[in-house]
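> Dropping the structure in here first, questions after.
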Amino acid sequence: MYVMTTATAPLPTSDTAPVWARRAAHAIALCAVPSGLWRIAMASGVYVGYSDQVLRDVFDIPGWGIAYVVGLSVIAELAALFPLLLVSDRWRPLRPRTLAALAWTASAVLVLVALWQLVVAFTVESQTYMSSGTAQTVWGFVFAPLCAIPALMTAVTWSYTKRHRARGQA
């Protein structure tokens with residue numbers, strides 16, 4: 001029987017992601033879960049603060065709005081899994097330089113989208129559809145973790161770029 005001890009454990013290489021970057025990448029995936037579950041609850045007919053008329057007229061639920069809302073949740077979660085590629089040591093679908101450029105682009109887009117969502121969240125139009133203050137509070141708690149994604153993504157991308165730049169110079 002072979003037991004790995006500290007003496008026989010493989011030494012980390014320069015292209016191994018630091019623990020904090022791995023945790024940040026996993027945190028990004030977890031940050032998207034509450035809003036996705038909230039959207040799926042809305043599509044399933046669970047009361048989330050919108051009246052039946054608002055669901056029908058604005059969101060087309062029941063109808064095509066269900067496919068849109070569930071599809072948006074699935075796409076958002078798949079996109080939130082992207083940073084795991086940046087910390088993976090096993091699977092590299094693209095060259096490091098291409099993946100770094102894609103990651104920096106995603107980080108920039110996430111920052112812009114987060115800023116835009118803050119503007120939309122505080123406009124009068126977006127708040128008039130919710131029927132109660134409790135529903136707005138729940139909505140705020142559910143969507144608040146999404147605000148952490150741009151900073152976490154930028155940190156993971158920086159770590160990835162730093163590791164692969166150092167490996168390219170060695």
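The way I read the labels, and the way they are meant: chains A, B, ... in the order of the structure tokens, residue 1 as the first residue of every chain, and ligand 1 as the first ligand shown, with later ones counted on from there.
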Apply DSSP to the backbone of this structure and, from chain A, keep only the residues in alpha helix (DSSP H); write these as a ChimeraX atom specification.
/A:19-31,33-44,52-57,64-80,83-87,96-121,124-128,133-143,149-169
> Give me the residues near A:Thr134 as a tab-separated table (two decimals) with all heavy atoms, in the first residue's frame, where near means some atom within 12 Å (using only C-alpha atoms) and where sequence neighbours in that chain fewer than 4 positions away do not count.

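Done, and the output landed in part.tsv:
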```tsv
chain	number	residue	atom	x	y	z
A	47	TYR	N	-44.39	32.36	-5.94
A	47	TYR	CA	-44.52	33.80	-5.78
A	47	TYR	C	-43.17	34.40	-5.39
A	47	TYR	O	-42.59	34.04	-4.37
A	47	TYR	CB	-45.56	34.14	-4.71
A	47	TYR	CG	-45.70	35.61	-4.47
A	47	TYR	CD1	-46.32	36.42	-5.41
A	47	TYR	CD2	-45.18	36.20	-3.33
A	47	TYR	CE1	-46.44	37.78	-5.21
A	47	TYR	CE2	-45.30	37.56	-3.12
A	47	TYR	CZ	-45.91	38.35	-4.06
A	47	TYR	OH	-46.02	39.70	-3.86
A	48	VAL	N	-42.67	35.31	-6.22
A	48	VAL	CA	-41.39	35.97	-5.96
A	48	VAL	C	-41.55	37.49	-5.87
A	48	VAL	O	-40.56	38.21	-5.86
A	48	VAL	CB	-40.32	35.61	-7.02
A	48	VAL	CG1	-39.94	34.16	-6.93
A	48	VAL	CG2	-40.79	35.98	-8.41
A	49	GLY	N	-42.79	37.95	-5.81
A	49	GLY	CA	-43.04	39.38	-5.67
A	49	GLY	C	-43.73	40.01	-6.87
A	49	GLY	O	-44.08	41.18	-6.83
A	50	TYR	N	-43.91	39.26	-7.92
A	50	TYR	CA	-44.59	39.77	-9.10
A	50	TYR	C	-46.02	39.25	-9.14
A	50	TYR	O	-46.26	38.07	-8.87
A	50	TYR	CB	-43.88	39.34	-10.39
A	50	TYR	CG	-42.49	39.89	-10.54
A	50	TYR	CD1	-41.41	39.05	-10.70
A	50	TYR	CD2	-42.26	41.26	-10.54
A	50	TYR	CE1	-40.13	39.55	-10.86
A	50	TYR	CE2	-40.98	41.77	-10.69
A	50	TYR	CZ	-39.92	40.91	-10.84
A	50	TYR	OH	-38.66	41.41	-10.99
A	130	MET	N	-42.37	44.98	-8.62
A	130	MET	CA	-42.41	44.23	-7.36
A	130	MET	C	-43.57	44.74	-6.51
A	130	MET	O	-43.80	45.93	-6.42
A	130	MET	CB	-41.12	44.39	-6.57
A	130	MET	CG	-39.96	43.65	-7.11
A	130	MET	SD	-39.95	41.99	-6.48
A	130	MET	CE	-38.52	41.38	-7.32
A	138	VAL	N	-35.78	40.28	-0.55
A	138	VAL	CA	-35.36	38.94	-0.95
A	138	VAL	C	-34.63	39.01	-2.28
A	138	VAL	O	-33.57	38.41	-2.46
A	138	VAL	CB	-36.56	37.98	-1.02
A	138	VAL	CG1	-36.18	36.66	-1.68
A	138	VAL	CG2	-37.13	37.74	0.36
A	139	TRP	N	-35.18	39.78	-3.22
A	139	TRP	CA	-34.55	39.95	-4.53
A	139	TRP	C	-33.13	40.51	-4.36
A	139	TRP	O	-32.19	40.06	-4.99
A	139	TRP	CB	-35.39	40.88	-5.40
A	139	TRP	CG	-34.81	41.15	-6.74
A	139	TRP	CD1	-34.95	40.41	-7.87
A	139	TRP	CD2	-33.95	42.25	-7.09
A	139	TRP	NE1	-34.25	40.99	-8.90
A	139	TRP	CE2	-33.63	42.11	-8.45
A	139	TRP	CE3	-33.44	43.33	-6.39
A	139	TRP	CZ2	-32.83	43.03	-9.11
A	139	TRP	CZ3	-32.65	44.24	-7.05
A	139	TRP	CH2	-32.35	44.07	-8.40
A	140	GLY	N	-32.98	41.48	-3.47
A	140	GLY	CA	-31.67	42.09	-3.23
A	140	GLY	C	-30.67	41.09	-2.68
A	140	GLY	O	-29.51	41.04	-3.11
A	141	PHE	N	-31.09	40.27	-1.72
A	141	PHE	CA	-30.20	39.27	-1.15
A	141	PHE	C	-29.83	38.19	-2.15
A	141	PHE	O	-28.71	37.67	-2.14
A	141	PHE	CB	-30.82	38.62	0.10
A	141	PHE	CG	-30.67	39.43	1.34
A	141	PHE	CD1	-31.79	39.87	2.03
A	141	PHE	CD2	-29.42	39.79	1.82
A	141	PHE	CE1	-31.66	40.64	3.18
A	141	PHE	CE2	-29.28	40.56	2.97
A	141	PHE	CZ	-30.41	40.98	3.65
```
> At a cut-off of 12 Å, using only C-alpha atoms, what residues contact A:Leu72? Leave out same-chain residues fewer than 3 positions from it and give the result as a list in words.
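The residues that qualify are Ala32, Val33, Ser35, Gly36, Leu37, Trp38, Arg39, Ile40, Ala43, Gly65, Ile66, Ala67, Tyr68, Val69, Ile75, Ala76, Glu77, Leu78 and Ala79 of chain A.
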> Take the residues just selected and output them with N, CA and C atoms as a tab-separated table (two decimals), in the first residue's frame.

```
chain	number	residue	atom	x	y	z
A	32	ALA	N	-23.51	32.55	-8.62
A	32	ALA	CA	-24.58	32.56	-9.61
A	32	ALA	C	-25.76	31.68	-9.22
A	33	VAL	N	-25.59	30.83	-8.25
A	33	VAL	CA	-26.65	29.87	-7.88
A	33	VAL	C	-27.91	30.53	-7.32
A	35	SER	N	-29.39	33.49	-7.66
A	35	SER	CA	-30.21	34.18	-8.65
A	35	SER	C	-30.83	33.20	-9.65
A	36	GLY	N	-30.07	32.15	-9.99
A	36	GLY	CA	-30.61	31.13	-10.88
A	36	GLY	C	-31.78	30.39	-10.25
A	37	LEU	N	-31.66	30.07	-8.98
A	37	LEU	CA	-32.76	29.40	-8.28
A	37	LEU	C	-33.97	30.32	-8.16
A	38	TRP	N	-33.73	31.62	-7.95
A	38	TRP	CA	-34.83	32.58	-7.88
A	38	TRP	C	-35.56	32.65	-9.22
A	39	ARG	N	-34.81	32.69	-10.31
A	39	ARG	CA	-35.43	32.73	-11.64
A	39	ARG	C	-36.23	31.46	-11.92
A	40	ILE	N	-35.67	30.31	-11.54
A	40	ILE	CA	-36.38	29.04	-11.76
A	40	ILE	C	-37.64	29.00	-10.91
A	43	ALA	N	-40.16	31.02	-12.75
A	43	ALA	CA	-40.68	30.30	-13.91
A	43	ALA	C	-41.61	29.16	-13.50
A	65	GLY	N	-41.67	32.85	-21.89
A	65	GLY	CA	-40.88	33.43	-20.83
A	65	GLY	C	-40.26	32.38	-19.92
A	66	ILE	N	-40.93	31.25	-19.77
A	66	ILE	CA	-40.39	30.17	-18.95
A	66	ILE	C	-39.09	29.65	-19.56
A	67	ALA	N	-39.10	29.41	-20.86
A	67	ALA	CA	-37.87	28.93	-21.53
A	67	ALA	C	-36.77	29.98	-21.44
A	68	TYR	N	-37.14	31.24	-21.58
A	68	TYR	CA	-36.15	32.31	-21.50
A	68	TYR	C	-35.52	32.38	-20.11
A	69	VAL	N	-36.35	32.36	-19.08
A	69	VAL	CA	-35.86	32.52	-17.71
A	69	VAL	C	-35.03	31.30	-17.28
A	75	ILE	N	-27.52	29.30	-18.71
A	75	ILE	CA	-26.40	29.97	-19.38
A	75	ILE	C	-25.55	30.74	-18.37
A	76	ALA	N	-26.20	31.40	-17.41
A	76	ALA	CA	-25.45	32.15	-16.39
A	76	ALA	C	-24.60	31.21	-15.55
A	77	GLU	N	-25.14	30.05	-15.19
A	77	GLU	CA	-24.35	29.12	-14.39
A	77	GLU	C	-23.21	28.51	-15.19
A	78	LEU	N	-23.45	28.20	-16.46
A	78	LEU	CA	-22.36	27.69	-17.31
A	78	LEU	C	-21.26	28.73	-17.46
A	79	ALA	N	-21.65	29.99	-17.64
A	79	ALA	CA	-20.66	31.06	-17.74
A	79	ALA	C	-19.90	31.22	-16.42
```
> For the interface of stretch 105-152 of chain A with stretch 18-26 of chain A (cut-off 12 Å, counting only C-alpha atoms), please tabulate each contacting residue of stretch 105-152 of chain A alongside its nearest pair of atoms and their separation in Å to one decimal, rows sorted by chain and increasing number, as a Markdown table.

```
| residue | atom | partner | partner_atom | distance |
| --- | --- | --- | --- | --- |
| A:Ala148 | CA | A:Ala24 | CA | 10.0 |
| A:Ile149 | CA | A:Ala24 | CA | 9.1 |
| A:Pro150 | CA | A:Ala24 | CA | 11.0 |
| A:Ala151 | CA | A:Ala24 | CA | 9.5 |
| A:Leu152 | CA | A:Ala24 | CA | 5.8 |
```
> Using only C-alpha atoms, which of A:Ser51, A:Ser131, A:Gln117, A:Val109 sits nearest A:Leu146?
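Distance minimum relative to A:Leu146 lands on A:Gln117.
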> Write out as an MDAnalysis selection string the residues lying within 10 Å of stretch 84-90 of chain A, counting only C-alpha atoms and excluding same-chain residues fewer than 4 positions away.
chainID A and resid 15:19 21:29 80 94 96 99:100 103 153 156:161
> One decimal, Å: what's the distance from atom CA of A:Ala106 over to atom CA of A:Cys147, could you say?
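Atom CA of A:Ala106 sits 14.6 Å away from atom CA of A:Cys147.
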> Using only C-alpha atoms, can you tell me which of A:Arg95, A:Thr154, A:Cys31, A:Val74 comes closest to A:Ala108?
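Residue with the minimum atom-to-atom distance to A:Ala108: A:Thr154.
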